[in-house]
>>> print(open('data.pdb').read())   # PDB, C-alpha atoms
ATOM      1  CA  SER A   1      -3.314  67.499   7.595
ATOM      2  CA  THR A   2      -4.311  64.205   6.046
ATOM      3  CA  ARG A   3      -1.304  62.017   5.396
ATOM      4  CA  ILE A   4      -0.797  59.015   3.100
ATOM      5  CA  THR A   5       2.121  56.642   3.637
ATOM      6  CA  PHE A   6       3.118  54.064   1.062
ATOM      7  CA  PHE A   7       5.188  51.528   2.985
ATOM      8  CA  PRO A   8       8.195  50.119   1.110
ATOM      9  CA  VAL A   9       7.151  46.473   0.868
ATOM     10  CA  GLY A  10       8.581  45.575  -2.520
ATOM     11  CA  ASN A  11       6.040  43.577  -4.488
ATOM     12  CA  GLY A  12       2.524  44.052  -3.120
ATOM     13  CA  ASP A  13       0.982  46.966  -1.295
ATOM     14  CA  MET A  14       0.597  48.512   2.139
ATOM     15  CA  THR A  15      -0.801  52.029   2.432
ATOM     16  CA  LEU A  16      -1.788  53.961   5.541
ATOM     17  CA  ILE A  17      -4.191  56.904   5.282
ATOM     18  CA  GLU A  18      -4.275  59.120   8.354
ATOM     19  CA  LEU A  19      -7.263  61.475   8.205
ATOM     20  CA  ASP A  20      -7.211  64.994   9.565
ATOM     21  CA  ASP A  21     -10.354  64.527  11.637
ATOM     22  CA  ALA A  22     -10.990  64.823  15.361
ATOM     23  CA  LYS A  23     -10.347  61.094  15.877
ATOM     24  CA  GLN A  24      -7.233  61.017  13.656
ATOM     25  CA  THR A  25      -8.802  58.065  11.841
ATOM     26  CA  LYS A  26      -6.349  55.592  10.346
ATOM     27  CA  ILE A  27      -7.172  53.370   7.370
ATOM     28  CA  LEU A  28      -4.787  50.611   6.326
ATOM     29  CA  ILE A  29      -5.124  49.396   2.753
ATOM     30  CA  ASP A  30      -3.615  45.940   2.301
ATOM     31  CA  MET A  31      -0.509  44.705   4.079
ATOM     32  CA  ASN A  32       2.664  42.922   3.158
ATOM     33  CA  ILE A  33       4.642  42.301   6.331
ATOM     34  CA  ARG A  34       7.306  39.739   5.566
ATOM     35  CA  GLU A  35       8.813  37.534   8.278
ATOM     36  CA  SER A  36      12.251  38.765   7.219
ATOM     37  CA  ALA A  37      11.196  42.378   7.896
ATOM     38  CA  ASP A  38      10.819  41.424  11.576
ATOM     39  CA  ASP A  39      14.460  40.344  11.717
ATOM     40  CA  GLU A  40      16.478  43.360  12.851
ATOM     41  CA  ALA A  41      19.637  41.845  11.352
ATOM     42  CA  ASN A  42      18.044  41.713   7.887
ATOM     43  CA  GLU A  43      18.656  45.016   6.157
ATOM     44  CA  ASP A  44      16.981  43.936   2.908
ATOM     45  CA  TYR A  45      13.477  44.711   4.172
ATOM     46  CA  PHE A  46      12.154  47.747   5.985
ATOM     47  CA  ASP A  47      10.464  46.932   9.318
ATOM     48  CA  VAL A  48       6.963  48.011   8.280
ATOM     49  CA  ALA A  49       5.293  46.354  11.290
ATOM     50  CA  SER A  50       7.198  48.491  13.798
ATOM     51  CA  GLU A  51       6.692  51.603  11.701
ATOM     52  CA  LEU A  52       2.952  50.937  11.491
ATOM     53  CA  ARG A  53       2.689  50.372  15.249
ATOM     54  CA  ARG A  54       4.568  53.616  15.872
ATOM     55  CA  ARG A  55       1.831  55.520  14.019
ATOM     56  CA  LEU A  56      -1.138  53.903  15.792
ATOM     57  CA  ARG A  57      -2.987  54.941  18.923
ATOM     58  CA  ASN A  58      -3.886  52.613  21.780
ATOM     59  CA  ASP A  59      -7.363  51.990  23.124
ATOM     60  CA  SER A  60      -8.362  52.520  26.764
ATOM     61  CA  LYS A  61      -6.756  49.163  27.654
ATOM     62  CA  GLY A  62      -3.438  50.047  26.020
ATOM     63  CA  ARG A  63      -3.939  47.857  22.924
ATOM     64  CA  PRO A  64      -2.862  49.224  19.530
ATOM     65  CA  TYR A  65      -5.640  49.503  16.952
ATOM     66  CA  ILE A  66      -6.372  50.510  13.394
ATOM     67  CA  ASP A  67      -9.753  52.103  12.662
ATOM     68  CA  VAL A  68     -10.195  50.341   9.313
ATOM     69  CA  PHE A  69      -8.446  47.618   7.351
ATOM     70  CA  LEU A  70      -9.386  47.533   3.677
ATOM     71  CA  GLN A  71      -8.345  44.416   1.840
ATOM     72  CA  THR A  72      -8.439  44.877  -1.925
ATOM     73  CA  HIS A  73      -7.858  41.217  -2.794
ATOM     74  CA  PRO A  74      -6.515  38.117  -1.052
ATOM     75  CA  ASP A  75      -3.205  37.582  -2.824
ATOM     76  CA  GLN A  76      -0.383  36.905  -0.392
ATOM     77  CA  ASP A  77       1.446  40.168  -1.132
ATOM     78  CA  HIS A  78      -1.666  42.103  -0.030
ATOM     79  CA  VAL A  79      -2.474  40.225   3.195
ATOM     80  CA  ARG A  80       0.859  38.785   4.395
ATOM     81  CA  GLY A  81       1.449  39.180   8.127
ATOM     82  CA  LEU A  82      -2.213  39.429   9.116
ATOM     83  CA  ALA A  83      -2.333  36.579  11.648
ATOM     84  CA  LYS A  84       1.063  37.376  13.144
ATOM     85  CA  HIS A  85       0.538  41.117  13.651
ATOM     86  CA  PHE A  86      -3.241  41.563  14.000
ATOM     87  CA  HIS A  87      -5.730  40.239  16.522
ATOM     88  CA  LEU A  88      -8.382  38.066  14.897
ATOM     89  CA  GLY A  89     -11.547  37.082  16.723
ATOM     90  CA  ALA A  90     -13.592  38.724  19.440
ATOM     91  CA  VAL A  91     -11.882  41.635  21.178
ATOM     92  CA  ASP A  92     -12.848  40.040  24.509
ATOM     93  CA  ASP A  93     -10.495  37.179  23.567
ATOM     94  CA  TYR A  94      -7.501  39.497  23.068
ATOM     95  CA  THR A  95      -4.422  38.129  24.803
ATOM     96  CA  GLU A  96      -1.627  40.305  26.094
ATOM     97  CA  PRO A  97       1.734  39.701  24.448
ATOM     98  CA  LYS A  98       4.333  37.590  26.169
ATOM     99  CA  GLU A  99       7.587  39.225  27.148
ATOM    100  CA  GLY A 100       9.570  40.146  24.062
ATOM    101  CA  GLU A 101       6.535  39.965  21.744
ATOM    102  CA  GLN A 102       4.772  42.891  20.140
ATOM    103  CA  ALA A 103       1.127  43.496  20.962
ATOM    104  CA  LYS A 104      -1.253  42.469  18.201
ATOM    105  CA  ILE A 105      -3.181  45.245  16.499
ATOM    106  CA  ILE A 106      -6.965  45.304  16.806
ATOM    107  CA  ILE A 107      -8.885  45.942  13.577
ATOM    108  CA  GLN A 108     -11.942  47.931  14.581
ATOM    109  CA  GLU A 109     -13.645  47.682  11.176
ATOM    110  CA  ILE A 110     -12.972  45.660   8.031
ATOM    111  CA  TRP A 111     -13.889  46.817   4.542
ATOM    112  CA  SER A 112     -13.984  44.045   1.995
ATOM    113  CA  SER A 113     -15.597  42.887  -1.197
ATOM    114  CA  PRO A 114     -17.500  39.597  -1.127
ATOM    115  CA  ILE A 115     -15.454  38.468  -4.111
ATOM    116  CA  VAL A 116     -12.541  37.779  -1.763
ATOM    117  CA  TRP A 117     -14.625  35.121  -0.024
ATOM    118  CA  ARG A 118     -14.893  33.074  -3.180
ATOM    119  CA  ARG A 119     -11.482  33.802  -4.698
ATOM    120  CA  ALA A 120     -10.202  30.298  -4.040
ATOM    121  CA  ASP A 121     -11.149  27.957  -6.838
ATOM    122  CA  LYS A 122      -9.939  24.370  -6.965
ATOM    123  CA  ARG A 123     -10.952  24.138 -10.625
ATOM    124  CA  THR A 124      -8.573  26.924 -11.664
ATOM    125  CA  GLY A 125      -5.867  26.044  -9.171
ATOM    126  CA  HIS A 126      -6.120  29.383  -7.363
ATOM    127  CA  THR A 127      -5.507  28.721  -3.696
ATOM    128  CA  LEU A 128      -5.463  31.118  -0.788
ATOM    129  CA  CYS A 129      -2.461  31.610   1.463
ATOM    130  CA  GLN A 130      -3.050  31.041   5.187
ATOM    131  CA  ASP A 131      -3.357  34.790   5.931
ATOM    132  CA  ALA A 132      -6.078  35.092   3.266
ATOM    133  CA  LYS A 133      -7.912  32.115   4.779
ATOM    134  CA  ASP A 134      -7.619  33.757   8.207
ATOM    135  CA  PHE A 135      -8.978  37.003   6.757
ATOM    136  CA  ASN A 136     -11.938  35.168   5.240
ATOM    137  CA  THR A 137     -12.672  33.490   8.573
ATOM    138  CA  GLU A 138     -12.588  36.846  10.375
ATOM    139  CA  ALA A 139     -14.759  38.573   7.762
ATOM    140  CA  LYS A 140     -17.339  35.785   7.954
ATOM    141  CA  ARG A 141     -17.270  35.911  11.768
ATOM    142  CA  ARG A 142     -18.148  39.600  11.644
ATOM    143  CA  VAL A 143     -20.906  39.122   9.060
ATOM    144  CA  ASN A 144     -22.395  36.292  11.124
ATOM    145  CA  LEU A 145     -22.377  38.502  14.229
ATOM    146  CA  TYR A 146     -24.381  41.086  12.281
ATOM    147  CA  LYS A 147     -26.813  38.436  11.002
ATOM    148  CA  LYS A 148     -27.379  37.124  14.516
ATOM    149  CA  ALA A 149     -27.759  40.499  16.289
ATOM    150  CA  LYS A 150     -29.332  42.428  13.376
ATOM    151  CA  LYS A 151     -27.276  45.459  14.417
ATOM    152  CA  ILE A 152     -23.868  46.854  13.639
ATOM    153  CA  GLY A 153     -21.391  45.466  16.135
ATOM    154  CA  GLU A 154     -18.906  47.078  18.446
ATOM    155  CA  ALA A 155     -15.411  48.112  17.459
ATOM    156  CA  GLY A 156     -13.471  44.962  16.646
ATOM    157  CA  ASP A 157     -16.581  43.222  15.297
ATOM    158  CA  ARG A 158     -17.563  45.606  12.489
ATOM    159  CA  ILE A 159     -17.453  44.960   8.770
ATOM    160  CA  ARG A 160     -18.508  46.947   5.708
ATOM    161  CA  ILE A 161     -19.127  44.886   2.596
ATOM    162  CA  ILE A 162     -18.217  46.762  -0.566
ATOM    163  CA  GLY A 163     -20.388  45.609  -3.477
ATOM    164  CA  LYS A 164     -23.258  43.138  -3.707
ATOM    165  CA  ASP A 165     -22.494  39.471  -4.080
ATOM    166  CA  GLU A 166     -24.014  37.254  -6.708
ATOM    167  CA  ASN A 167     -27.211  35.241  -6.344
ATOM    168  CA  GLY A 168     -28.538  37.285  -3.427
ATOM    169  CA  LYS A 169     -25.778  36.220  -1.027
ATOM    170  CA  THR A 170     -25.656  39.742   0.469
ATOM    171  CA  ASP A 171     -29.431  40.167   0.717
ATOM    172  CA  GLY A 172     -30.415  41.182   4.236
ATOM    173  CA  LEU A 173     -27.038  42.795   4.887
ATOM    174  CA  GLU A 174     -27.994  46.284   3.671
ATOM    175  CA  ALA A 175     -26.910  48.012   6.908
ATOM    176  CA  ILE A 176     -23.341  46.800   6.407
ATOM    177  CA  LEU A 177     -23.363  46.827   2.591
ATOM    178  CA  THR A 178     -22.289  49.620   0.282
ATOM    179  CA  GLU A 179     -23.142  48.954  -3.325
ATOM    180  CA  VAL A 180     -20.883  49.916  -6.205
ATOM    181  CA  ASP A 181     -21.314  53.644  -7.016
ATOM    182  CA  GLN A 182     -22.737  54.380  -3.558
ATOM    183  CA  THR A 183     -20.928  56.448  -0.975
ATOM    184  CA  PHE A 184     -20.814  56.278   2.791
ATOM    185  CA  THR A 185     -19.660  58.847   5.314
ATOM    186  CA  LYS A 186     -19.231  56.958   8.565
ATOM    187  CA  ILE A 187     -16.079  55.135   9.534
ATOM    188  CA  ASN A 188     -16.006  52.752  12.463
TER     189      ASN A 188
END
>>> encode(input="data.pdb", output="structure tokens")
Amino acid sequence: STRITFFPVGNGDMTLIELDDAKQTKILIDMNIRESADDEANEDYFDVASELRRRLRNDSKGRPYIDVFLQTHPDQDHVRGLAKHFHLGAVDDYTEPKEGEQAKIIIQEIWSSPIVWRRADKRTGHTLCQDAKDFNTEAKRRVNLYKKAKKIGEAGDRIRIIGKDENGKTDGLEAILTEVDQTFTKIN
């Protein structure tokens, strides 16, 4: 049956939805993987990274992957741990972990609102943490791949934009855009 896990991350959010479909699709909503949670000697934080990896499948090359990562907003407690635990960039550039390191998780498809791309505002003093900047770079990389190829990319290069952006910034992206109040039925 479909299962929802709310990881104990303290402040912030990290939720895994495991669908009861033939592919056993897994959707991760936000993440908050603290450095201290990776320290086995630290009992204050649950090791959510290891628990997440335990629930994932591996691709044909033995690399762990998540079908979808949905980022609700780019505050640190909703994107912390992205660069350390997830592969960013082209899947062809994936590097195997060194001895003693955990393999990075491939994100086959990202779901994101365009508002996260313009969340940083020097006028208001709102800055993005490094993981949020890395997320923005990866989201833009995937959008640019779509713009260049004019087709939905392969797993690891896909993105679904949730909601139109202002001033026509999402015009021409209809194949990867879901407007507010629309539904979609395909994942990855």
>>> closest_residue(input="data.pdb", among="A:His73, A:Lys164, A:His78, A:Arg55", to="Gly10 (chain A)", atoms="all atoms listed in the file")
A:His78
>>> closest_residue(input="data.pdb", among="A:Ile107, A:Glu51, A:Ile115, A:Lys150", to="Lys169 (chain A)", atoms="all atoms listed in the file")
A:Ile115
>>> resolve_selection(input="data.pdb", expression="the PyMOL selection byres ((chain A and resi 31) around 12)", output="ChimeraX atom specification")
/A:6-16,27-30,32-34,48-49,52,69-86,131-132,135
>>> atom_distance(input="data.pdb", atom1="CA of Glu101 (chain A)", atom2="CA of Arg158 (chain A)")
26.4 Å
>>> axis_aligned_box(input="data.pdb", around="region 73-91 of chain A", padding_each_side="5 Å", output="lines of an AutoDock Vina configuration file")
center_x = -6.1
center_y = 39.3
center_z = 9.2
size_x = 25.0
size_y = 15.5
size_z = 34.0
>>> residues_around(input="data.pdb", residues="Val143 (chain A)", least_positions_apart="5", cutoff="12 Å", atoms="only C-alpha atoms", output="PyMOL selection string")
chain A and resi 109-112+114+117+136-138+148-153+157-161+169-177
>>> closest_residue(input="data.pdb", among="A:Ala155, A:Glu35, A:Gln102, A:Arg123", to="Asp59 (chain A)", atoms="all atoms listed in the file")
A:Ala155
>>> residues_around(input="data.pdb", residues="Asn58 (chain A)", least_positions_apart="2", cutoff="12 Å", atoms="only C-alpha atoms", output="MDAnalysis selection string")
chainID A and resid 53:56 60:67 103:108
>>> atom_distance(input="data.pdb", atom1="CA of Glu179 (chain A)", atom2="CA of Lys140 (chain A)")
18.3 Å
>>> atom_distance(input="data.pdb", atom1="CA of Thr127 (chain A)", atom2="CA of Asn144 (chain A)")
23.7 Å
>>> resolve_selection(input="data.pdb", expression="the PyMOL selection byres ((chain A and resi 25) around 10)", output="list of chain:residue names")
A:Thr2, A:Ile17, A:Glu18, A:Leu19, A:Asp20, A:Asp21, A:Ala22, A:Lys23, A:Gln24, A:Lys26, A:Ile27, A:Leu56, A:Arg57, A:Ile66, A:Asp67, A:Val68, A:Ile187, A:Asn188
>>> write_last_selection(input="data.pdb", atoms="C-alpha atoms", output="mmCIF file, in the frame of the given file")
data_model
loop_
_atom_site.group_PDB
_atom_site.id
_atom_site.type_symbol
_atom_site.label_atom_id
_atom_site.label_comp_id
_atom_site.auth_asym_id
_atom_site.auth_seq_id
_atom_site.Cartn_x
_atom_site.Cartn_y
_atom_site.Cartn_z
ATOM 1 C CA THR A 2 -4.311 64.205 6.046
ATOM 2 C CA ILE A 17 -4.191 56.904 5.282
ATOM 3 C CA GLU A 18 -4.275 59.120 8.354
ATOM 4 C CA LEU A 19 -7.263 61.475 8.205
ATOM 5 C CA ASP A 20 -7.211 64.994 9.565
ATOM 6 C CA ASP A 21 -10.354 64.527 11.637
ATOM 7 C CA ALA A 22 -10.990 64.823 15.361
ATOM 8 C CA LYS A 23 -10.347 61.094 15.877
ATOM 9 C CA GLN A 24 -7.233 61.017 13.656
ATOM 10 C CA LYS A 26 -6.349 55.592 10.346
ATOM 11 C CA ILE A 27 -7.172 53.370 7.370
ATOM 12 C CA LEU A 56 -1.138 53.903 15.792
ATOM 13 C CA ARG A 57 -2.987 54.941 18.923
ATOM 14 C CA ILE A 66 -6.372 50.510 13.394
ATOM 15 C CA ASP A 67 -9.753 52.103 12.662
ATOM 16 C CA VAL A 68 -10.195 50.341 9.313
ATOM 17 C CA ILE A 187 -16.079 55.135 9.534
ATOM 18 C CA ASN A 188 -16.006 52.752 12.463
#
>>> closest_residue(input="data.pdb", among="A:Pro97, A:Val91, A:Arg3, A:Phe46", to="Arg142 (chain A)", atoms="only C-alpha atoms")
A:Val91
